[in-house]
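Student: So that you have it, the file is run.pdb, and it contains PDB, C-alpha atoms, pLDDT in the B column:
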```pdb
ATOM      1  CA  MET A 149      17.225 -68.353 -41.399  1.00 94.00           C
ATOM      2  CA  LYS A 150      20.404 -68.492 -39.340  1.00 98.00           C
ATOM      3  CA  PHE A 151      21.735 -66.282 -36.565  1.00 98.00           C
ATOM      4  CA  GLY A 152      25.396 -65.886 -35.721  1.00 98.00           C
ATOM      5  CA  VAL A 153      26.584 -65.101 -32.187  1.00 98.00           C
ATOM      6  CA  VAL A 154      30.138 -63.765 -32.057  1.00 96.00           C
ATOM      7  CA  VAL A 155      32.286 -65.112 -29.206  1.00 94.00           C
ATOM      8  CA  PHE A 156      34.975 -62.809 -27.818  1.00 90.00           C
ATOM      9  CA  PRO A 157      37.547 -63.794 -25.166  1.00 85.00           C
ATOM     10  CA  GLY A 158      35.768 -63.864 -21.826  1.00 78.00           C
ATOM     11  CA  SER A 159      32.247 -63.670 -23.260  1.00 81.00           C
ATOM     12  CA  ASN A 160      29.591 -64.902 -20.855  1.00 84.00           C
ATOM     13  CA  CYS A 161      26.381 -63.757 -22.544  1.00 93.00           C
ATOM     14  CA  ASP A 162      27.083 -65.563 -25.806  1.00 95.00           C
ATOM     15  CA  HIS A 163      25.430 -68.712 -24.468  1.00 96.00           C
ATOM     16  CA  ASP A 164      22.449 -66.694 -23.232  1.00 96.00           C
ATOM     17  CA  ALA A 165      21.935 -65.265 -26.727  1.00 97.00           C
ATOM     18  CA  PHE A 166      22.442 -68.712 -28.271  1.00 98.00           C
ATOM     19  CA  TYR A 167      19.846 -70.169 -25.879  1.00 98.00           C
ATOM     20  CA  ALA A 168      17.331 -67.414 -26.595  1.00 98.00           C
ATOM     21  CA  ILE A 169      17.546 -67.960 -30.354  1.00 98.00           C
ATOM     22  CA  GLY A 170      18.057 -71.724 -30.463  1.00 98.00           C
ATOM     23  CA  ASN A 171      16.048 -73.029 -27.512  1.00 97.00           C
ATOM     24  CA  VAL A 172      13.329 -70.438 -26.912  1.00 98.00           C
ATOM     25  CA  LEU A 173      12.645 -69.277 -30.482  1.00 98.00           C
ATOM     26  CA  GLN A 174      13.936 -72.539 -31.981  1.00 98.00           C
ATOM     27  CA  LYS A 175      15.778 -70.889 -34.842  1.00 98.00           C
ATOM     28  CA  SER A 176      19.111 -71.934 -36.300  1.00 98.00           C
ATOM     29  CA  VAL A 177      22.047 -70.286 -34.540  1.00 98.00           C
ATOM     30  CA  GLU A 178      25.821 -70.706 -34.677  1.00 98.00           C
ATOM     31  CA  PHE A 179      28.764 -69.438 -32.633  1.00 98.00           C
ATOM     32  CA  ILE A 180      31.396 -67.413 -34.525  1.00 97.00           C
ATOM     33  CA  TRP A 181      34.848 -67.085 -32.932  1.00 96.00           C
ATOM     34  CA  HIS A 182      36.172 -63.522 -32.863  1.00 94.00           C
ATOM     35  CA  GLN A 183      39.230 -64.453 -34.942  1.00 95.00           C
ATOM     36  CA  SER A 184      37.123 -65.813 -37.776  1.00 97.00           C
ATOM     37  CA  GLU A 185      36.745 -63.816 -40.974  1.00 95.00           C
ATOM     38  CA  ASN A 186      33.802 -65.942 -42.085  1.00 95.00           C
ATOM     39  CA  LEU A 187      30.257 -65.169 -40.921  1.00 97.00           C
ATOM     40  CA  ALA A 188      29.085 -68.671 -41.883  1.00 93.00           C
ATOM     41  CA  ASN A 189      26.347 -67.377 -44.203  1.00 96.00           C
ATOM     42  CA  CYS A 190      24.367 -66.066 -41.262  1.00 98.00           C
ATOM     43  CA  ASP A 191      21.376 -63.814 -41.896  1.00 98.00           C
ATOM     44  CA  ALA A 192      21.754 -61.821 -38.682  1.00 98.00           C
ATOM     45  CA  ILE A 193      24.699 -61.225 -36.360  1.00 98.00           C
ATOM     46  CA  ILE A 194      24.609 -60.690 -32.603  1.00 98.00           C
ATOM     47  CA  LEU A 195      27.556 -59.154 -30.748  1.00 96.00           C
ATOM     48  CA  PRO A 196      26.889 -60.262 -27.152  1.00 94.00           C
ATOM     49  CA  GLY A 197      27.979 -58.766 -23.879  1.00 87.00           C
ATOM     50  CA  GLY A 198      29.682 -60.015 -20.777  1.00 76.00           C
ATOM     51  CA  PHE A 199      33.391 -59.893 -21.478  1.00 66.00           C
ATOM     52  CA  ALA A 200      36.377 -57.760 -20.585  1.00 59.00           C
ATOM     53  CA  PHE A 201      38.584 -58.196 -23.665  1.00 57.00           C
ATOM     54  CA  GLY A 202      40.827 -55.131 -23.471  1.00 55.00           C
ATOM     55  CA  ASP A 203      38.470 -53.144 -21.238  1.00 60.00           C
ATOM     56  CA  TYR A 204      41.460 -51.882 -19.269  1.00 61.00           C
ATOM     57  CA  LEU A 205      42.129 -49.591 -22.238  1.00 65.00           C
ATOM     58  CA  ARG A 206      38.558 -48.594 -23.061  1.00 70.00           C
ATOM     59  CA  THR A 207      35.506 -50.788 -23.309  1.00 69.00           C
ATOM     60  CA  GLY A 208      35.309 -52.325 -26.779  1.00 75.00           C
ATOM     61  CA  ALA A 209      38.469 -50.589 -28.009  1.00 77.00           C
ATOM     62  CA  ILE A 210      40.473 -53.806 -28.387  1.00 82.00           C
ATOM     63  CA  ALA A 211      37.592 -56.087 -29.374  1.00 84.00           C
ATOM     64  CA  ARG A 212      36.778 -53.654 -32.164  1.00 86.00           C
ATOM     65  CA  PHE A 213      39.983 -54.821 -33.916  1.00 89.00           C
ATOM     66  CA  SER A 214      39.161 -58.532 -33.742  1.00 92.00           C
ATOM     67  CA  PRO A 215      39.337 -60.082 -37.249  1.00 95.00           C
ATOM     68  CA  VAL A 216      35.605 -60.849 -37.220  1.00 96.00           C
ATOM     69  CA  MET A 217      34.752 -57.136 -37.148  1.00 96.00           C
ATOM     70  CA  LYS A 218      35.951 -56.622 -40.706  1.00 97.00           C
ATOM     71  CA  PRO A 219      33.317 -58.952 -42.219  1.00 97.00           C
ATOM     72  CA  VAL A 220      30.760 -57.702 -39.686  1.00 98.00           C
ATOM     73  CA  GLY A 221      31.380 -54.177 -40.952  1.00 97.00           C
ATOM     74  CA  LYS A 222      30.967 -55.242 -44.577  1.00 98.00           C
ATOM     75  CA  PHE A 223      27.857 -57.218 -43.680  1.00 98.00           C
ATOM     76  CA  ALA A 224      26.331 -54.195 -41.939  1.00 98.00           C
ATOM     77  CA  LYS A 225      27.157 -51.808 -44.765  1.00 97.00           C
ATOM     78  CA  SER A 226      25.536 -54.198 -47.246  1.00 97.00           C
ATOM     79  CA  GLY A 227      22.297 -54.059 -45.265  1.00 97.00           C
ATOM     80  CA  GLY A 228      22.832 -57.079 -43.008  1.00 97.00           C
ATOM     81  CA  MET A 229      21.138 -57.074 -39.608  1.00 98.00           C
ATOM     82  CA  VAL A 230      23.528 -56.573 -36.670  1.00 98.00           C
ATOM     83  CA  LEU A 231      22.565 -56.299 -32.998  1.00 98.00           C
ATOM     84  CA  GLY A 232      25.058 -55.287 -30.326  1.00 97.00           C
ATOM     85  CA  ILE A 233      24.151 -55.996 -26.696  1.00 97.00           C
ATOM     86  CA  CYS A 234      26.002 -54.259 -23.832  1.00 94.00           C
ATOM     87  CA  ASN A 235      29.698 -54.825 -24.690  1.00 92.00           C
ATOM     88  CA  GLY A 236      28.526 -55.561 -28.217  1.00 94.00           C
ATOM     89  CA  PHE A 237      26.921 -52.107 -28.345  1.00 96.00           C
ATOM     90  CA  GLN A 238      30.178 -50.586 -27.120  1.00 94.00           C
ATOM     91  CA  ILE A 239      32.072 -52.371 -29.906  1.00 94.00           C
ATOM     92  CA  LEU A 240      29.661 -51.024 -32.533  1.00 96.00           C
ATOM     93  CA  LEU A 241      30.359 -47.527 -31.210  1.00 96.00           C
ATOM     94  CA  GLU A 242      34.123 -48.064 -31.266  1.00 94.00           C
ATOM     95  CA  ALA A 243      33.910 -49.490 -34.796  1.00 95.00           C
ATOM     96  CA  GLY A 244      31.975 -46.465 -36.024  1.00 96.00           C
ATOM     97  CA  LEU A 245      28.960 -48.565 -37.011  1.00 98.00           C
ATOM     98  CA  LEU A 246      26.881 -46.495 -34.566  1.00 98.00           C
ATOM     99  CA  PRO A 247      27.463 -42.900 -33.389  1.00 98.00           C
ATOM    100  CA  GLY A 248      28.389 -41.863 -29.856  1.00 97.00           C
ATOM    101  CA  ALA A 249      30.487 -43.272 -27.030  1.00 95.00           C
ATOM    102  CA  MET A 250      30.182 -44.840 -23.588  1.00 93.00           C
ATOM    103  CA  MET A 251      31.439 -43.398 -20.318  1.00 93.00           C
ATOM    104  CA  ARG A 252      31.477 -44.734 -16.767  1.00 92.00           C
ATOM    105  CA  ASN A 253      28.108 -44.875 -15.064  1.00 92.00           C
ATOM    106  CA  SER A 254      27.286 -41.552 -13.453  1.00 91.00           C
ATOM    107  CA  GLY A 255      27.586 -43.030  -9.969  1.00 86.00           C
ATOM    108  CA  LEU A 256      30.883 -44.759 -10.881  1.00 88.00           C
ATOM    109  CA  ARG A 257      29.380 -48.058  -9.772  1.00 90.00           C
ATOM    110  CA  PHE A 258      28.737 -51.298 -11.616  1.00 89.00           C
ATOM    111  CA  ILE A 259      24.985 -51.873 -11.884  1.00 92.00           C
ATOM    112  CA  CYS A 260      23.299 -55.268 -12.202  1.00 93.00           C
ATOM    113  CA  ARG A 261      19.506 -55.206 -11.888  1.00 95.00           C
ATOM    114  CA  HIS A 262      16.282 -54.991 -13.851  1.00 96.00           C
ATOM    115  CA  VAL A 263      15.402 -51.651 -15.393  1.00 96.00           C
ATOM    116  CA  HIS A 264      12.568 -50.443 -17.606  1.00 97.00           C
ATOM    117  CA  ILE A 265      12.984 -49.205 -21.149  1.00 97.00           C
ATOM    118  CA  ARG A 266      10.418 -47.700 -23.481  1.00 96.00           C
ATOM    119  CA  VAL A 267      10.175 -48.595 -27.171  1.00 97.00           C
ATOM    120  CA  GLU A 268      10.498 -45.260 -28.958  1.00 97.00           C
ATOM    121  CA  GLN A 269      10.300 -46.515 -32.549  1.00 97.00           C
ATOM    122  CA  ASN A 270       8.758 -49.722 -33.864  1.00 97.00           C
ATOM    123  CA  ASP A 271       9.698 -49.400 -37.522  1.00 97.00           C
ATOM    124  CA  THR A 272      13.054 -51.158 -37.186  1.00 98.00           C
ATOM    125  CA  PRO A 273      14.012 -54.841 -37.580  1.00 98.00           C
ATOM    126  CA  PHE A 274      14.632 -54.883 -33.824  1.00 98.00           C
ATOM    127  CA  THR A 275      11.321 -53.402 -32.649  1.00 98.00           C
ATOM    128  CA  ASN A 276       8.674 -54.280 -35.259  1.00 98.00           C
ATOM    129  CA  ALA A 277       7.036 -56.825 -32.928  1.00 98.00           C
ATOM    130  CA  ALA A 278       6.588 -54.181 -30.227  1.00 98.00           C
ATOM    131  CA  ALA A 279       4.077 -51.378 -29.828  1.00 97.00           C
ATOM    132  CA  LYS A 280       5.427 -47.859 -29.823  1.00 96.00           C
ATOM    133  CA  GLY A 281       5.596 -46.744 -26.207  1.00 95.00           C
ATOM    134  CA  GLN A 282       5.649 -50.322 -24.902  1.00 97.00           C
ATOM    135  CA  ILE A 283       7.541 -50.714 -21.616  1.00 97.00           C
ATOM    136  CA  LEU A 284      10.005 -53.588 -21.356  1.00 98.00           C
ATOM    137  CA  LYS A 285      11.507 -54.937 -18.133  1.00 98.00           C
ATOM    138  CA  ILE A 286      15.049 -56.022 -18.953  1.00 98.00           C
ATOM    139  CA  PRO A 287      18.206 -56.334 -16.810  1.00 97.00           C
ATOM    140  CA  ILE A 288      21.372 -54.282 -17.164  1.00 96.00           C
ATOM    141  CA  ASN A 289      24.838 -55.448 -16.168  1.00 92.00           C
ATOM    142  CA  HIS A 290      27.481 -52.815 -16.800  1.00 91.00           C
ATOM    143  CA  GLY A 291      29.895 -50.266 -15.389  1.00 89.00           C
ATOM    144  CA  GLU A 292      30.232 -48.168 -18.549  1.00 91.00           C
ATOM    145  CA  GLY A 293      26.743 -47.683 -19.940  1.00 92.00           C
ATOM    146  CA  ASN A 294      26.538 -43.906 -19.798  1.00 95.00           C
ATOM    147  CA  PHE A 295      25.838 -43.072 -23.468  1.00 96.00           C
ATOM    148  CA  THR A 296      27.123 -39.722 -24.645  1.00 96.00           C
ATOM    149  CA  CYS A 297      27.605 -37.781 -27.872  1.00 96.00           C
ATOM    150  CA  ASP A 298      27.939 -34.169 -28.950  1.00 96.00           C
ATOM    151  CA  GLU A 299      24.849 -32.004 -29.337  1.00 95.00           C
ATOM    152  CA  ALA A 300      24.948 -32.160 -33.140  1.00 97.00           C
ATOM    153  CA  THR A 301      24.941 -35.970 -33.067  1.00 97.00           C
ATOM    154  CA  LEU A 302      22.101 -36.019 -30.532  1.00 96.00           C
ATOM    155  CA  THR A 303      20.101 -33.683 -32.749  1.00 96.00           C
ATOM    156  CA  GLU A 304      20.629 -36.036 -35.695  1.00 97.00           C
ATOM    157  CA  LEU A 305      19.687 -39.086 -33.634  1.00 97.00           C
ATOM    158  CA  GLU A 306      16.440 -37.448 -32.592  1.00 96.00           C
ATOM    159  CA  LYS A 307      15.699 -36.018 -36.049  1.00 97.00           C
ATOM    160  CA  ASN A 308      16.224 -39.364 -37.779  1.00 98.00           C
ATOM    161  CA  ARG A 309      14.333 -41.303 -35.074  1.00 97.00           C
ATOM    162  CA  GLN A 310      17.391 -43.388 -34.290  1.00 98.00           C
ATOM    163  CA  VAL A 311      16.753 -43.538 -30.540  1.00 97.00           C
ATOM    164  CA  ILE A 312      14.801 -46.773 -30.310  1.00 98.00           C
ATOM    165  CA  PHE A 313      14.926 -47.407 -26.539  1.00 97.00           C
ATOM    166  CA  ARG A 314      14.988 -45.030 -23.569  1.00 96.00           C
ATOM    167  CA  TYR A 315      15.352 -45.758 -19.885  1.00 96.00           C
ATOM    168  CA  THR A 316      12.143 -44.922 -18.097  1.00 94.00           C
ATOM    169  CA  THR A 317      10.142 -45.505 -14.952  1.00 92.00           C
ATOM    170  CA  PRO A 318       7.863 -48.566 -14.670  1.00 91.00           C
ATOM    171  CA  ASP A 319       4.875 -46.415 -15.673  1.00 87.00           C
ATOM    172  CA  GLY A 320       6.785 -45.089 -18.689  1.00 85.00           C
ATOM    173  CA  VAL A 321       6.728 -41.396 -17.795  1.00 78.00           C
ATOM    174  CA  GLY A 322      10.451 -40.934 -17.108  1.00 68.00           C
ATOM    175  CA  ARG A 323      12.024 -39.052 -19.997  1.00 58.00           C
ATOM    176  CA  SER A 324      14.368 -36.183 -19.287  1.00 50.00           C
ATOM    177  CA  ALA A 325      17.907 -36.841 -18.106  1.00 44.00           C
ATOM    178  CA  ALA A 326      17.798 -36.016 -14.411  1.00 43.00           C
ATOM    179  CA  PRO A 327      20.627 -34.645 -12.249  1.00 45.00           C
ATOM    180  CA  GLN A 328      23.177 -37.404 -11.733  1.00 44.00           C
ATOM    181  CA  GLU A 329      22.305 -37.950  -8.093  1.00 43.00           C
ATOM    182  CA  LYS A 330      18.611 -38.344  -9.000  1.00 49.00           C
ATOM    183  CA  ALA A 331      19.090 -40.441 -12.125  1.00 47.00           C
ATOM    184  CA  ASP A 332      17.186 -43.425 -10.736  1.00 51.00           C
ATOM    185  CA  ALA A 333      14.170 -41.243  -9.953  1.00 53.00           C
ATOM    186  CA  ALA A 334      13.776 -40.589 -13.684  1.00 67.00           C
ATOM    187  CA  GLY A 335      14.320 -44.240 -14.545  1.00 89.00           C
ATOM    188  CA  ASN A 336      17.829 -43.502 -15.792  1.00 92.00           C
ATOM    189  CA  PRO A 337      20.225 -45.866 -13.976  1.00 93.00           C
ATOM    190  CA  ASN A 338      23.540 -44.672 -15.411  1.00 93.00           C
ATOM    191  CA  GLY A 339      23.188 -41.004 -16.402  1.00 92.00           C
ATOM    192  CA  SER A 340      22.895 -41.794 -20.094  1.00 94.00           C
ATOM    193  CA  MET A 341      22.280 -38.699 -22.238  1.00 94.00           C
ATOM    194  CA  ALA A 342      18.566 -38.148 -22.931  1.00 92.00           C
ATOM    195  CA  ASN A 343      17.853 -41.463 -21.166  1.00 93.00           C
ATOM    196  CA  ILE A 344      19.160 -43.308 -24.239  1.00 96.00           C
ATOM    197  CA  ALA A 345      19.251 -47.083 -23.757  1.00 97.00           C
ATOM    198  CA  GLY A 346      19.536 -48.113 -27.407  1.00 98.00           C
ATOM    199  CA  ILE A 347      19.969 -46.624 -30.866  1.00 98.00           C
ATOM    200  CA  CYS A 348      20.103 -47.721 -34.491  1.00 98.00           C
ATOM    201  CA  ASN A 349      21.930 -46.419 -37.543  1.00 98.00           C
ATOM    202  CA  ARG A 350      20.207 -44.222 -40.124  1.00 98.00           C
ATOM    203  CA  GLU A 351      19.648 -47.249 -42.358  1.00 98.00           C
ATOM    204  CA  ARG A 352      18.006 -49.024 -39.379  1.00 98.00           C
ATOM    205  CA  ASN A 353      19.777 -52.361 -39.911  1.00 98.00           C
ATOM    206  CA  VAL A 354      22.342 -51.958 -37.095  1.00 98.00           C
ATOM    207  CA  ALA A 355      21.291 -51.446 -33.492  1.00 98.00           C
ATOM    208  CA  GLY A 356      22.823 -51.476 -30.053  1.00 98.00           C
ATOM    209  CA  LEU A 357      21.398 -51.407 -26.545  1.00 98.00           C
ATOM    210  CA  MET A 358      22.919 -51.688 -23.089  1.00 97.00           C
ATOM    211  CA  PRO A 359      20.144 -53.779 -21.433  1.00 98.00           C
ATOM    212  CA  HIS A 360      20.350 -57.560 -21.919  1.00 97.00           C
ATOM    213  CA  PRO A 361      17.285 -58.921 -23.784  1.00 98.00           C
ATOM    214  CA  GLU A 362      18.872 -62.388 -23.867  1.00 97.00           C
ATOM    215  CA  ARG A 363      18.582 -62.439 -20.074  1.00 97.00           C
ATOM    216  CA  ALA A 364      14.870 -61.702 -20.249  1.00 97.00           C
ATOM    217  CA  VAL A 365      13.420 -64.520 -22.341  1.00 98.00           C
ATOM    218  CA  GLU A 366      11.567 -66.583 -19.712  1.00 97.00           C
ATOM    219  CA  GLU A 367       9.356 -65.613 -16.786  1.00 95.00           C
ATOM    220  CA  ALA A 368      11.342 -68.002 -14.598  1.00 95.00           C
ATOM    221  CA  ILE A 369      14.263 -65.558 -14.726  1.00 94.00           C
ATOM    222  CA  GLY A 370      12.191 -62.462 -14.021  1.00 94.00           C
ATOM    223  CA  SER A 371      10.944 -61.343 -17.430  1.00 97.00           C
ATOM    224  CA  GLU A 372      10.394 -62.499 -20.983  1.00 98.00           C
ATOM    225  CA  ASP A 373      10.167 -58.983 -22.405  1.00 98.00           C
ATOM    226  CA  GLY A 374      13.500 -59.365 -24.187  1.00 98.00           C
ATOM    227  CA  LEU A 375      11.884 -61.807 -26.605  1.00 98.00           C
ATOM    228  CA  VAL A 376      10.146 -58.939 -28.390  1.00 98.00           C
ATOM    229  CA  ILE A 377      13.522 -57.844 -29.759  1.00 98.00           C
ATOM    230  CA  PHE A 378      14.520 -61.274 -31.028  1.00 98.00           C
ATOM    231  CA  ARG A 379      11.038 -61.930 -32.411  1.00 98.00           C
ATOM    232  CA  SER A 380      11.269 -58.633 -34.246  1.00 98.00           C
ATOM    233  CA  MET A 381      14.508 -59.782 -35.870  1.00 98.00           C
ATOM    234  CA  VAL A 382      12.877 -63.057 -36.908  1.00 98.00           C
ATOM    235  CA  GLU A 383       9.889 -61.207 -38.374  1.00 97.00           C
ATOM    236  CA  ALA A 384      12.194 -58.883 -40.282  1.00 97.00           C
ATOM    237  CA  LEU A 385      14.092 -61.822 -41.788  1.00 97.00           C
ATOM    238  CA  VAL A 386      10.837 -63.533 -42.746  1.00 96.00           C
ATOM    239  CA  SER A 387       9.563 -60.346 -44.409  1.00 93.00           C
ATOM    240  CA  THR A 388      12.822 -59.946 -46.328  1.00 91.00           C
ATOM    241  CA  ALA A 389      12.671 -63.555 -47.512  1.00 90.00           C
ATOM    242  CA  LYS A 390       9.087 -63.105 -48.686  1.00 89.00           C
ATOM    243  CA  ALA A 391       9.979 -59.920 -50.542  1.00 88.00           C
ATOM    244  CA  ILE A 392      12.836 -61.659 -52.340  1.00 84.00           C
ATOM    245  CA  ALA A 393      10.616 -64.645 -53.209  1.00 76.00           C
TER     246      ALA A 393
END
```
Turn the structure described in the file into structure tokens.
Tutor:
Amino acid sequence: MKFGVVVFPGSNCDHDAFYAIGNVLQKSVEFIWHQSENLANCDAIILPGGFAFGDYLRTGAIARFSPVMKPVGKFAKSGGMVLGICNGFQILLEAGLLPGAMMRNSGLRFICRHVHIRVEQNDTPFTNAAAKGQILKIPINHGEGNFTCDEATLTELEKNRQVIFRYTTPDGVGRSAAPQEKADAAGNPNGSMANIAGICNRERNVAGLMPHPERAVEEAIGSEDGLVIFRSMVEALVSTAKAIA
């Protein structure tokens, strides 16, 4: 079992993801430079956040054309597990590996704080270690995390159970997208459509979320709830290996 963490120019959450996998979960993990066209035989790929490579054009629009994204796309379409976190989620959207787009936060301010998200589906490789409805405390760190899509796409996302995380209140009751000026009252920090914090593709092997689970892996830093996502990925890889054996 080996994870690959893609490194883009200016990345600062790549080391956090590497630490979460290698030091906390003690699984094999390797950095992959964005200009590489070789995924180093990794079993799962993480596109981390925390960079500004071409963000002056549109977040993820330049990074989407990095050479590494070609093999990542092939890997995903062949059933490989790919997780995009924050900027990584934005790249997956730009690359067409997930539907929708990101806009500026509704308040037009950069937000960096803990939020709460609810696990909406637990039948994916990214949520199988969680209970449906479980509330996770995980930090966000973004200026463009306002997920949007057309009504037809939203209908498909809901119909196919592709919304796997929603922003919510600490007690988990926040659901509907509130008026922009009252977004926080509904647990929605950025105005994201339908409180969407993370989605997966129809095949359920590619997922993206704006909160940073790699920054929530130890109680010493405020929460270890993010581990449920990485443990889910590990469990999914173990199950796949057993099925093949």
Student: Evaluate the PyMOL selection byres ((chain A and resi 358) around 8) on the structure here and hand back the selected residues as a PyMOL selection string.
Tutor: chain A and resi 233-235+237+288+290+293+345-346+356-357+359-360
Student: Hey, can you spit out that residue selection with C-alpha atoms as a JSON list (two decimals), keeping the file's coordinate frame?
Tutor:
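Contents of part.json, freshly written:
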```
[["chain", "number", "residue", "atom", "x", "y", "z"],
["A", 233, "ILE", "CA", 24.15, -56.00, -26.70],
["A", 234, "CYS", "CA", 26.00, -54.26, -23.83],
["A", 235, "ASN", "CA", 29.70, -54.82, -24.69],
["A", 237, "PHE", "CA", 26.92, -52.11, -28.34],
["A", 288, "ILE", "CA", 21.37, -54.28, -17.16],
["A", 290, "HIS", "CA", 27.48, -52.82, -16.80],
["A", 293, "GLY", "CA", 26.74, -47.68, -19.94],
["A", 345, "ALA", "CA", 19.25, -47.08, -23.76],
["A", 346, "GLY", "CA", 19.54, -48.11, -27.41],
["A", 356, "GLY", "CA", 22.82, -51.48, -30.05],
["A", 357, "LEU", "CA", 21.40, -51.41, -26.54],
["A", 359, "PRO", "CA", 20.14, -53.78, -21.43],
["A", 360, "HIS", "CA", 20.35, -57.56, -21.92]]
```
Student: State, in Å with one decimal place, the distance from atom CA of A:Glu383 to atom CA of A:Val263.
Tutor: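 Taking atom CA of A:Glu383 as the start and atom CA of A:Val263 as the end point, the length is 25.5 Å.
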Student: Which one is closest to A:Arg352: A:Ala211, A:Leu187, A:Val321, A:Ala384? Count only C-alpha atoms.
Tutor: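 Closest to A:Arg352 of all the choices is A:Ala384.
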Student: Got a sec: who's within 6 Å of A:Val154, counting all atoms listed in the file, leaving out chain neighbours fewer than 3 positions off, as a list in words?
Tutor: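 Counting all atoms listed in the file, the residues come to Phe179, Ile180, Trp181 and Leu195 of chain A.
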Student: Within 8 Å of (19.4, -47.3, -35.7) in the file's own coordinates, which protein, DNA or RNA residues have an atom, counting all atoms listed in the file? List them as a PyMOL selection string.
Tutor: chain A and resi 246+272+309-312+347-356
Student: Put stretch 366-378 of chain A into a file with N, CA, C and O atoms, as an mmCIF file, in the first residue's frame.
Tutor:
```
data_model
loop_
_atom_site.group_PDB
_atom_site.id
_atom_site.type_symbol
_atom_site.label_atom_id
_atom_site.label_comp_id
_atom_site.auth_asym_id
_atom_site.auth_seq_id
_atom_site.Cartn_x
_atom_site.Cartn_y
_atom_site.Cartn_z
ATOM 1 N N GLU A 366 -4.427 15.119 14.943
ATOM 2 C CA GLU A 366 -3.947 14.955 16.317
ATOM 3 C C GLU A 366 -4.680 15.942 17.213
ATOM 4 O O GLU A 366 -4.898 17.096 16.822
ATOM 5 N N GLU A 367 -5.051 15.508 18.396
ATOM 6 C CA GLU A 367 -5.760 16.390 19.324
ATOM 7 C C GLU A 367 -4.940 17.623 19.681
ATOM 8 O O GLU A 367 -5.490 18.680 19.984
ATOM 9 N N ALA A 368 -3.617 17.487 19.633
ATOM 10 C CA ALA A 368 -2.744 18.603 19.985
ATOM 11 C C ALA A 368 -2.948 19.806 19.063
ATOM 12 O O ALA A 368 -2.637 20.938 19.444
ATOM 13 N N ILE A 369 -3.474 19.570 17.866
ATOM 14 C CA ILE A 369 -3.702 20.677 16.935
ATOM 15 C C ILE A 369 -5.194 20.983 16.792
ATOM 16 O O ILE A 369 -5.612 21.621 15.829
ATOM 17 N N GLY A 370 -5.984 20.540 17.758
ATOM 18 C CA GLY A 370 -7.385 20.934 17.800
ATOM 19 C C GLY A 370 -8.409 19.880 17.447
ATOM 20 O O GLY A 370 -9.568 19.987 17.831
ATOM 21 N N SER A 371 -8.001 18.861 16.701
ATOM 22 C CA SER A 371 -8.941 17.803 16.315
ATOM 23 C C SER A 371 -8.181 16.683 15.626
ATOM 24 O O SER A 371 -7.161 16.913 14.976
ATOM 25 N N GLU A 372 -8.689 15.468 15.772
ATOM 26 C CA GLU A 372 -8.144 14.346 15.019
ATOM 27 C C GLU A 372 -9.230 13.711 14.142
ATOM 28 O O GLU A 372 -9.104 12.598 13.658
ATOM 29 N N ASP A 373 -10.300 14.479 13.926
ATOM 30 C CA ASP A 373 -11.424 13.974 13.138
ATOM 31 C C ASP A 373 -11.065 13.707 11.687
ATOM 32 O O ASP A 373 -11.703 12.882 11.018
ATOM 33 N N GLY A 374 -10.051 14.406 11.180
ATOM 34 C CA GLY A 374 -9.658 14.210 9.783
ATOM 35 C C GLY A 374 -9.139 12.808 9.504
ATOM 36 O O GLY A 374 -9.152 12.344 8.351
ATOM 37 N N LEU A 375 -8.695 12.126 10.555
ATOM 38 C CA LEU A 375 -8.152 10.775 10.377
ATOM 39 C C LEU A 375 -9.183 9.803 9.829
ATOM 40 O O LEU A 375 -8.828 8.831 9.166
ATOM 41 N N VAL A 376 -10.469 10.066 10.080
ATOM 42 C CA VAL A 376 -11.493 9.141 9.608
ATOM 43 C C VAL A 376 -11.474 9.038 8.079
ATOM 44 O O VAL A 376 -11.751 7.977 7.514
ATOM 45 N N ILE A 377 -11.098 10.117 7.422
ATOM 46 C CA ILE A 377 -11.042 10.110 5.958
ATOM 47 C C ILE A 377 -9.859 9.285 5.470
ATOM 48 O O ILE A 377 -9.989 8.447 4.567
ATOM 49 N N PHE A 378 -8.701 9.493 6.076
ATOM 50 C CA PHE A 378 -7.520 8.741 5.659
ATOM 51 C C PHE A 378 -7.631 7.272 6.057
ATOM 52 O O PHE A 378 -7.192 6.392 5.309
#
```
